[in-house]
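Coordinates as given in run.cif (mmCIF, C-alpha atoms):
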```
data_coords
#
loop_
_atom_site.label_atom_id
_atom_site.label_comp_id
_atom_site.auth_asym_id
_atom_site.auth_seq_id
_atom_site.Cartn_x
_atom_site.Cartn_y
_atom_site.Cartn_z
CA MET A 1 2.81 5.51 78.29
CA ALA A 2 2.43 4.39 74.70
CA ASP A 3 1.01 7.75 73.67
CA ARG A 4 3.86 9.69 75.14
CA HIS A 5 6.48 7.51 73.54
CA LEU A 6 4.75 7.96 70.23
CA ALA A 7 4.77 11.73 70.65
CA PHE A 8 8.48 11.86 71.35
CA LYS A 9 9.25 9.54 68.51
CA ALA A 10 7.18 11.64 66.13
CA LEU A 11 9.13 14.77 67.07
CA ALA A 12 12.52 13.11 66.68
CA ASP A 13 12.37 13.81 62.93
CA ALA A 14 13.73 17.29 62.10
CA THR A 15 11.28 18.08 59.30
CA ARG A 16 8.35 16.87 61.32
CA ARG A 17 9.44 19.06 64.18
CA GLU A 18 9.55 21.97 61.76
CA VAL A 19 5.98 21.21 60.68
CA PHE A 20 4.94 20.99 64.32
CA GLU A 21 6.57 24.30 65.16
CA ARG A 22 4.88 26.07 62.22
CA LEU A 23 1.58 24.84 63.59
CA ALA A 24 2.50 26.09 67.04
CA ALA A 25 2.37 29.59 65.53
CA GLY A 26 -1.19 29.02 64.29
CA PRO A 27 -3.49 26.61 62.43
CA LYS A 28 -2.51 25.97 58.79
CA ALA A 29 -3.58 23.96 55.76
CA VAL A 30 -1.30 21.41 54.04
CA GLY A 31 -0.67 23.75 51.10
CA GLU A 32 0.41 26.61 53.32
CA LEU A 33 2.89 24.38 55.12
CA ALA A 34 4.27 23.04 51.83
CA ASP A 35 4.77 26.62 50.59
CA GLU A 36 6.70 27.56 53.72
CA LEU A 37 8.90 24.48 53.87
CA PRO A 38 11.31 22.92 51.38
CA VAL A 39 9.21 19.77 51.17
CA THR A 40 6.51 18.51 48.84
CA ARG A 41 2.83 18.48 49.65
CA PRO A 42 2.63 14.68 49.92
CA ALA A 43 5.62 14.76 52.29
CA VAL A 44 3.90 17.35 54.48
CA SER A 45 0.78 15.18 54.49
CA GLN A 46 2.83 12.21 55.67
CA HIS A 47 4.37 14.22 58.51
CA LEU A 48 0.95 15.52 59.54
CA LYS A 49 -0.36 11.98 59.57
CA ALA A 50 2.43 10.91 61.91
CA LEU A 51 1.89 13.93 64.17
CA LYS A 52 -1.81 13.22 64.23
CA SER A 53 -1.46 9.60 65.21
CA ALA A 54 0.98 10.66 67.94
CA GLY A 55 -1.76 12.89 69.34
CA LEU A 56 0.19 16.09 68.70
CA VAL A 57 -2.04 17.74 66.11
CA THR A 58 -5.70 17.66 65.18
CA GLU A 59 -7.41 18.50 61.90
CA ARG A 60 -10.70 20.17 61.14
CA ARG A 61 -12.58 21.06 57.99
CA GLU A 62 -12.91 24.68 56.97
CA GLY A 63 -15.08 24.63 53.87
CA THR A 64 -13.11 22.65 51.31
CA ARG A 65 -9.83 22.98 53.19
CA ARG A 66 -8.47 20.75 55.88
CA VAL A 67 -6.78 22.82 58.57
CA TYR A 68 -4.28 21.40 61.02
CA GLN A 69 -3.57 22.72 64.48
CA ILE A 70 -1.68 21.79 67.59
CA ASP A 71 -3.52 19.51 69.94
CA PRO A 72 -3.38 21.01 73.43
CA ALA A 73 -3.70 17.50 74.84
CA GLY A 74 -0.55 16.52 72.97
CA LEU A 75 1.32 19.53 74.30
CA GLY A 76 0.10 18.63 77.74
CA GLN A 77 2.35 15.58 77.98
CA MET A 78 4.29 17.25 80.73
CA ARG A 79 1.10 18.02 82.55
CA ALA A 80 -0.11 14.44 82.21
CA TRP A 81 3.17 13.22 83.59
CA LEU A 82 3.04 15.59 86.55
CA ASP A 83 -0.57 14.64 87.22
CA GLN A 84 0.38 10.99 87.58
CA PHE A 85 3.54 11.81 89.42
CA TRP A 86 1.80 13.92 92.07
CA ASP A 87 -0.72 11.14 92.62
CA THR A 88 2.13 8.80 93.50
CA ALA A 89 3.94 11.37 95.66
CA LEU A 90 0.85 12.53 97.56
CA ASN A 91 -0.22 8.96 98.24
CA ALA A 92 3.16 8.45 99.82
CA PHE A 93 2.68 11.65 101.84
CA GLN A 94 -0.72 10.46 103.04
CA ALA A 95 0.73 7.11 104.07
CA GLU A 96 3.53 8.82 105.97
CA VAL A 97 1.08 11.00 107.94
CA SER A 98 -0.98 7.91 108.82
CA ARG A 99 2.15 6.05 109.87
CA THR A 100 3.39 8.79 112.20
CA GLU A 101 -0.09 9.25 113.70
CA LYS A 102 -0.29 5.54 114.51
CA LEU A 103 3.14 5.63 116.11
CA ASP A 104 2.05 8.57 118.24
CA ALA A 105 -1.13 6.81 119.34
CA LYS A 106 0.95 3.78 120.35
CA HIS A 107 3.32 5.94 122.39
CA GLU A 108 0.41 7.62 124.11
CA ARG A 109 -1.19 4.32 125.05
CA ARG A 110 2.12 3.13 126.43
CA SER A 111 2.72 6.24 128.52
CA ARG A 112 -0.84 6.06 129.88
CA ARG A 113 -0.24 2.50 131.00
CA LYS A 114 2.87 3.49 132.96
CA MET B 115 -1.50 35.22 65.63
CA SER B 116 0.24 32.83 67.92
CA ARG B 117 -1.84 30.45 69.93
CA THR B 118 -1.10 30.14 73.59
CA ILE B 119 -1.66 26.71 74.98
CA GLN B 120 -2.44 26.75 78.65
CA PRO B 121 -2.47 23.41 80.38
CA ALA B 122 -4.78 23.33 83.38
CA PRO B 123 -3.10 23.24 86.78
CA VAL B 124 -2.65 19.83 88.35
CA ARG B 125 -5.02 19.71 91.33
CA LYS B 126 -5.32 17.08 94.02
CA ILE B 127 -7.45 16.93 97.15
CA LEU B 128 -6.77 14.46 99.91
CA THR B 129 -7.61 13.93 103.55
CA VAL B 130 -5.07 12.87 106.12
CA PRO B 131 -5.77 11.55 109.65
CA ALA B 132 -3.87 14.27 111.52
CA THR B 133 -4.10 17.90 112.58
CA PRO B 134 -3.09 20.62 110.09
CA GLN B 135 0.02 21.22 112.23
CA ARG B 136 1.10 17.62 111.87
CA ALA B 137 0.20 17.42 108.17
CA PHE B 138 2.15 20.62 107.47
CA GLU B 139 5.11 19.30 109.43
CA VAL B 140 5.22 15.97 107.58
CA PHE B 141 4.87 17.72 104.23
CA THR B 142 7.75 20.12 104.94
CA ALA B 143 10.19 18.99 107.64
CA GLY B 144 9.35 15.38 106.82
CA PHE B 145 9.55 15.89 103.05
CA ASP B 146 12.39 13.43 102.67
CA ARG B 147 10.45 10.70 104.49
CA TRP B 148 7.71 10.47 101.87
CA TRP B 149 9.17 11.79 98.61
CA PRO B 150 9.70 8.93 96.13
CA HIS B 151 13.49 8.77 95.97
CA SER B 152 13.38 7.47 92.43
CA HIS B 153 12.51 11.02 91.35
CA THR B 154 15.54 13.23 91.15
CA ILE B 155 17.21 15.50 88.65
CA GLY B 156 20.65 14.87 90.10
CA LYS B 157 23.38 12.89 88.35
CA SER B 158 23.53 10.04 90.84
CA ALA B 159 21.12 8.43 93.30
CA LEU B 160 19.16 10.72 95.57
CA GLN B 161 20.30 10.60 99.18
CA GLU B 162 18.08 13.22 100.72
CA VAL B 163 15.68 16.02 99.85
CA VAL B 164 15.81 19.20 101.88
CA LEU B 165 13.07 21.80 102.19
CA GLU B 166 14.31 24.66 104.35
CA PRO B 167 11.49 25.65 106.75
CA ARG B 168 11.10 29.36 106.02
CA ALA B 169 10.05 31.81 103.31
CA GLY B 170 12.92 32.06 100.86
CA GLY B 171 14.24 28.68 102.01
CA ARG B 172 15.98 26.44 99.51
CA TRP B 173 14.49 23.23 98.17
CA TYR B 174 17.14 20.87 96.94
CA GLY B 175 18.25 17.28 96.58
CA ILE B 176 21.50 15.79 97.83
CA ASP B 177 22.98 13.00 95.76
CA ASP B 178 24.89 9.98 97.04
CA ASP B 179 28.13 11.72 96.16
CA GLY B 180 27.15 14.80 98.16
CA THR B 181 26.29 16.99 95.18
CA GLU B 182 23.43 19.39 95.83
CA THR B 183 20.90 19.96 93.04
CA GLU B 184 18.48 22.87 93.26
CA TRP B 185 14.79 22.14 92.74
CA GLY B 186 13.22 25.44 93.74
CA ASP B 187 12.47 27.44 96.87
CA VAL B 188 9.87 28.37 99.45
CA LEU B 189 7.71 31.31 98.31
CA VAL B 190 5.14 31.38 101.12
CA TRP B 191 5.62 29.86 104.57
CA GLU B 192 2.45 30.10 106.65
CA PRO B 193 2.27 27.11 108.99
CA PRO B 194 0.02 25.33 109.55
CA GLY B 195 -2.37 26.51 106.86
CA ARG B 196 -0.51 27.32 103.68
CA LEU B 197 2.66 26.65 101.76
CA VAL B 198 3.72 27.86 98.32
CA LEU B 199 6.78 26.38 96.65
CA ALA B 200 8.55 27.38 93.46
CA TRP B 201 9.20 24.33 91.27
CA ARG B 202 11.91 25.46 88.87
CA ILE B 203 12.42 22.22 87.01
CA GLY B 204 11.65 22.45 83.32
CA ALA B 205 10.42 19.96 80.79
CA ASP B 206 14.07 19.25 80.02
CA TRP B 207 14.33 17.99 83.59
CA GLN B 208 16.85 20.66 84.50
CA TYR B 209 16.80 23.41 87.09
CA HIS B 210 16.21 26.90 85.66
CA ALA B 211 16.53 29.77 88.13
CA ASP B 212 14.30 31.93 85.92
CA LEU B 213 11.53 29.35 85.46
CA LEU B 214 8.68 29.75 87.93
CA THR B 215 5.92 27.19 88.30
CA GLU B 216 4.09 27.25 91.62
CA ILE B 217 2.96 24.55 93.98
CA GLU B 218 0.41 25.68 96.55
CA VAL B 219 -0.65 23.41 99.37
CA THR B 220 -3.28 24.34 101.95
CA PHE B 221 -4.10 22.42 105.11
CA THR B 222 -7.63 22.80 106.54
CA ALA B 223 -8.89 21.23 109.77
CA GLN B 224 -11.88 19.01 109.07
CA GLY B 225 -12.98 17.90 112.52
CA GLY B 226 -12.43 14.47 113.94
CA GLY B 227 -8.71 15.18 113.89
CA ALA B 228 -8.55 15.04 110.09
CA THR B 229 -7.11 17.59 107.70
CA ARG B 230 -8.07 18.34 104.14
CA VAL B 231 -5.06 18.94 101.90
CA ASP B 232 -5.58 20.94 98.71
CA PHE B 233 -2.71 20.66 96.30
CA GLU B 234 -2.17 22.67 93.13
CA HIS B 235 0.76 22.75 90.71
CA ARG B 236 0.17 25.69 88.38
CA LEU B 237 1.69 27.90 85.66
CA LEU B 238 2.71 24.75 83.83
CA GLU B 239 2.40 26.59 80.51
CA ARG B 240 5.69 28.28 81.37
CA MET B 241 7.43 24.95 80.93
CA GLY B 242 6.15 24.95 77.37
CA ASP B 243 7.79 28.31 76.67
CA ALA B 244 11.09 26.55 76.41
CA ALA B 245 10.15 24.53 73.34
CA ALA B 246 13.81 24.24 72.36
CA SER B 247 14.75 22.63 75.64
CA VAL B 248 11.89 20.20 75.35
CA ARG B 249 13.25 19.24 71.96
CA ASP B 250 16.75 18.71 73.34
CA ALA B 251 15.35 16.62 76.14
CA ILE B 252 13.50 14.43 73.70
CA ASP B 253 16.54 13.93 71.52
CA GLY B 254 19.28 13.60 74.08
CA PRO B 255 20.27 10.45 75.90
CA GLY B 256 18.70 10.32 79.32
CA GLY B 257 15.92 12.50 77.95
CA TRP B 258 12.22 12.18 78.42
CA THR B 259 11.84 8.85 76.78
CA SER B 260 14.15 7.12 79.21
CA ILE B 261 12.90 9.10 82.21
CA LEU B 262 9.34 8.14 81.43
CA GLN B 263 10.40 4.58 80.94
CA ASP B 264 12.02 4.57 84.37
CA TYR B 265 8.92 6.12 85.82
CA ALA B 266 6.69 3.49 84.22
CA ASP B 267 8.92 0.76 85.63
CA VAL B 268 8.60 2.21 89.10
CA VAL B 269 4.84 2.48 88.84
CA ARG B 270 4.56 -1.07 87.53
CA ALA B 271 6.79 -2.36 90.31
CA GLY B 272 4.24 -0.81 92.67
#
```

Represent the structure of the file as structure tokens.
Amino acid sequence: MADRHLAFKALADATRREVFERLAAGPKAVGELADELPVTRPAVSQHLKALKSAGLVTERREGTRRVYQIDPAGLGQMRAWLDQFWDTALNAFQAEVSRTEKLDAKHERRSRRK
Amino acid sequence: MSRTIQPAPVRKILTVPATPQRAFEVFTAGFDRWWPHSHTIGKSALQEVVLEPRAGGRWYGIDDDGTETEWGDVLVWEPPGRLVLAWRIGADWQYHADLLTEIEVTFTAQGGGATRVDFEHRLLERMGDAAASVRDAIDGPGGWTSILQDYADVVRAG
């Protein structure tokens, strides 16, 4: 839960969202992002740091440059939610099948006794 | 050079102590009996969930105040072996007639009166297409943050 909350909080900032969306179009270095946006390099770095700790972007080294890209795991928040959700729902389904089967077995035993 | 992120489908396998006929029936006609009622996209409390038993059938929730909220529809109806549903609820937690994610459920007899249920919820990447709506959902009141909080509370409450 904590991770997801962090991700949403990180994207609540308009500039940070802008940074995130630029990265959605493809991996970029800090300098490239600063050139494209009306913010300074240190500011971009700060936003990237926040996005990184929220699990939304990852960085990798490309020679002397550090390149940032969207973390598929971060974008998969919805998937993670559904995964957990379907576990809960299908457990309930399983329990319901078991319950109705037991009821049936009881009825059968009763009608056999008659 | 846009990167397409494709989340893997959600897959679940379970075994239930019943014939495929019975398992299929509980999953569909009995949908309302097992669906966690805390999960709804309607405005007020969920009264009932209806899954119409035929191809093209509607899948919708009925709120306490009688309002019907669409969830999706039945794409494939092949009792007792296979069911495909369209889940048209986006990441913004709203119904979108043009959004198609698929849920496929197959029921296979396993001997001993048991049935193997294979569940898959796929094409989830399509939810990501609507990045703007995700953003709105995050920002707006009653958005993801609060929904997930509610969900966590339910899970914790067991």

One-decimal distance in Å that lies between atom CA of A:Arg99 and atom CA of A:Asp87: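 For atom CA of A:Asp87 relative to atom CA of A:Arg99, the distance reads 18.2 Å.
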
Once you count all atoms listed in the file, which residues end up no further than 12 Å from (10.1, 24.2, 61.6) in the file's frame, shown as a PyMOL selection string? (chain A and resi 11+13-25+33-34+36-39+44+47) or (chain B and resi 245-246+249)

Please identify all polymer residues within 6 Å of stretch 119-133 of chain B, counting only C-alpha atoms, omitting same-chain residues fewer than 6 positions from it, and present them as a list of chain:residue names. A:Asp83, A:Gln94, B:Gly227, B:Ala228, B:Thr229, B:Arg230, B:Val231, B:Asp232, B:Phe233, B:Glu234, B:His235, B:Arg236, B:Glu239

Picked residues, the PyMOL selection byres ((chain B and resi 187-192) around 7), as an MDAnalysis selection string: chainID B and resid 168:173 186 193:200

Which residue out of B:Leu238, B:Asp178, B:Trp201, B:Glu162 has the minimum interatomic distance to chain A when only C-alpha atoms are used? B:Leu238

So that I can see what lies close to stretch 90-93 of chain A, please list as a PyMOL selection string the residues with an atom at most 8 Å from it, counting all atoms listed in the file and leaving out residues fewer than 4 positions away in the same chain. (chain A and resi 86+97) or (chain B and resi 140-141+148-150)

Can you tell me, as a list in words, what residues are no more than 10 Å from stretch 144-147 of chain B when counting all atoms listed in the file, ignoring any on the same chain fewer than 5 positions away? Ala92, Phe93, Glu96 and Val97 of chain A; Arg136, Ala137, Phe138, Glu139, Gln161, Glu162, Val163, Val164, Leu165 and Gly175 of chain B

Nearest residue to A:Lys9 out of A:Thr40, A:Ala54, A:Arg66, A:Val30, using only C-alpha atoms? A:Ala54

Length of the atom CA of A:Glu32 to atom CA of A:Lys49 vector [Å]: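 We find that atom CA of A:Glu32 and atom CA of A:Lys49 lie 15.9 Å from each other.
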
I'd like to know which of B:Asp179, B:Glu184, B:Gly204, B:Glu216 is closest to chain A, using all atoms listed in the file. B:Gly204

Using Å and a single decimal, report how far atom CA of A:Phe85 sits from atom CA of B:Leu160. 16.8 Å

Quick one: of B:Thr215, B:Gly225, B:Thr183, B:Asp177, who's nearest to chain A, counting all atoms listed in the file?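 Checking each of B:Thr215, B:Gly225, B:Thr183, B:Asp177 against chain A, counting all atoms listed in the file, the winner is B:Thr215.
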
Could you tell me which of B:Ile203, B:Ala159, B:Leu214, B:Ile176 comes closest to chain A if we count all atoms listed in the file?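 Going through B:Ile203, B:Ala159, B:Leu214, B:Ile176 one by one, the smallest distance to chain A is for B:Ile203.
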
Test item: residues at most 8 Å from A:Pro27, only C-alpha atoms, excluding those fewer than 4 positions along its chain, as a short mmCIF file (atom, residue, chain, number, x, y, z; two decimals) with C-alpha atoms, in the coordinates of the input:
```
data_model
loop_
_atom_site.label_atom_id
_atom_site.label_comp_id
_atom_site.auth_asym_id
_atom_site.auth_seq_id
_atom_site.Cartn_x
_atom_site.Cartn_y
_atom_site.Cartn_z
CA LEU A 23 1.58 24.84 63.59
CA VAL A 67 -6.78 22.82 58.57
CA TYR A 68 -4.28 21.40 61.02
CA GLN A 69 -3.57 22.72 64.48
CA ILE A 70 -1.68 21.79 67.59
#
```

Smallest atom-to-atom distance to chain A: which of B:Gln224, B:Gln208, B:Thr142, B:Thr181, using only C-alpha atoms?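 Going through B:Gln224, B:Gln208, B:Thr142, B:Thr181 one by one, the smallest distance to chain A is for B:Thr142.
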